[in-house]
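Before any comments, here is the structure.
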Amino acid sequence: MFHVRASHNFEWLGKRLGHFHFSSAAKAIEAVDERSGRIVGMIGYDGLTQNSAQVHIALDVAMAWRALSGPAFKYPFEELDRGVLIAMVSSQNWRSLCLTRHVGFFEKHRIRDGIAKGVDMVLFEMRREECRWLEG
């Protein structure tokens with residue numbers, strides 16, 4: 001079983017993303033294993049504009065998504081009142097590409113060499129009205 005809480009531990013998330021550094025304005029939520037107290041999943045939000053937020057997802061345990069899925073979208077869409085989420089994923093990270101598509105993001109663009117030479121940055125979008133994780 002996992003519980004979800006706000007987090008400021010961007011070191012955990014940054015290690016898993018590898019290619020991203022967070023600003024001082026970043027926010028995050030984490031899923032914590034109740035038995036071990038270990039972080040097993042985290043979602044970070046950064047790069048806020050008037051109507052969008054960048055989202056970054058990392059999971060050590062796939063089941064952590066069940067605990068995170070509701071809060072992951074309620075926070076930016078309802079609490080921050082943003083209409084669009086943007087996700088940036090390495091073209092070499094097959095698991096993240098699959099997860100990003102599975103949770104409802106749509107691929108919008110690829111930036112050639114956007115992560116590193118030979119590694120594209122894949123840009124995804126999710127609009128509030130397309131989000132199946134919100135109640136109602």
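If you're wondering about the labels, chains in the structure tokens are A, B, ... by order shown, residues count from 1 in each chain, ligands from 1 in order shown.
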Can you pull out the residues contacting Phe77 of chain A? Cut-off 10 Å, using only C-alpha atoms, and skip same-chain residues under 5 positions away; I want them as a compact mmCIF listing (two decimals) with C-alpha atoms, in the first residue's frame.
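Output (result11.txt):
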# COMPACT_ATOMS: atom_id res chain seq x y z
CA ASN A 51 -2.32 27.96 -18.77
CA SER A 52 0.19 25.09 -18.80
CA ALA A 53 2.59 23.07 -16.69
CA PRO A 71 -3.67 13.49 -7.59
CA ALA A 72 -1.32 13.62 -10.60
CA ARG A 82 -4.05 24.92 -15.84
CA GLY A 83 -5.63 23.74 -19.08
CA VAL A 84 -2.69 21.94 -20.66
CA LEU A 85 0.01 19.57 -19.42
CA ARG A 127 -5.66 18.95 -22.30
CA ARG A 128 -7.94 19.16 -19.29
CA GLU A 129 -11.01 18.20 -21.33
CA CYS A 131 -8.09 13.90 -19.09
CA LEU A 134 -10.50 13.73 -13.33
Looking only at strand (DSSP E or B) from DSSP on the backbone, list the matching residues of chain A as number ranges by chain. A: 2-7, 27-33, 39-46, 52-59, 84-90, 106-116, 119-127
If you count only C-alpha atoms, which residues fall within 12 Å of Glu30 of chain A, apart from same-chain ones fewer than 5 positions away, as an MDAnalysis selection string? chainID A and resid 2:10 12:13 37:45 56:61 64:69 71:72
DSSP-assigned alpha helix (DSSP H) members of chain A, reported as a PyMOL selection string: chain A and resi 10-17+64-74+94-102
Can you pull out the residues contacting segment 112-114 of chain A? Cut-off 10 Å, using only C-alpha atoms, and skip same-chain residues under 6 positions away; I want them as JSON, numbers by chain. {"A": [88, 89, 90, 91, 120, 121, 122]}
Put those residues in a file: N, CA and C atoms, as a CSV table (one decimal), in the first residue's frame.
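Result written to again38.csv:
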chain,number,residue,atom,x,y,z
A,88,MET,N,7.8,15.9,-21.6
A,88,MET,CA,9.0,15.8,-22.5
A,88,MET,C,9.6,14.4,-22.2
A,89,VAL,N,9.8,13.6,-23.2
A,89,VAL,CA,10.3,12.2,-22.9
A,89,VAL,C,11.4,12.0,-23.9
A,90,SER,N,12.5,11.3,-23.5
A,90,SER,CA,13.6,10.9,-24.3
A,90,SER,C,13.1,9.8,-25.3
A,91,SER,N,13.4,9.9,-26.6
A,91,SER,CA,13.0,9.0,-27.6
A,91,SER,C,13.7,7.6,-27.3
A,120,ASP,N,16.2,12.1,-29.6
A,120,ASP,CA,15.2,13.2,-29.7
A,120,ASP,C,14.5,13.4,-28.4
A,121,MET,N,13.9,14.6,-28.3
A,121,MET,CA,13.0,14.9,-27.2
A,121,MET,C,11.6,14.8,-27.8
A,122,VAL,N,10.7,14.0,-27.2
A,122,VAL,CA,9.4,13.8,-27.7
A,122,VAL,C,8.5,14.7,-26.8
Separation of atom CA of Ala87 of chain A and atom CA of Val119 of chain A, in Å? 15.9 Å
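With only C-alpha atoms as the basis for measurement, A:Met1 is the residue among A:Leu123, A:Met1, A:Val55, A:Leu99 that approaches Asp33 of chain A most closely.
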Atom pair atom CA of Glu79 of chain A / atom CA of Met126 of chain A: separation (Å): 16.2 Å
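Shortest atom-to-atom contact with Tyr75 of chain A among A:Arg35, A:Lys27, A:His21, A:His109: A:Lys27, counting only C-alpha atoms.
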Would you work out the distance separating atom CA of Phe124 of chain A from atom CA of Ala31 of chain A, expressed in Å to one decimal? 23.2 Å
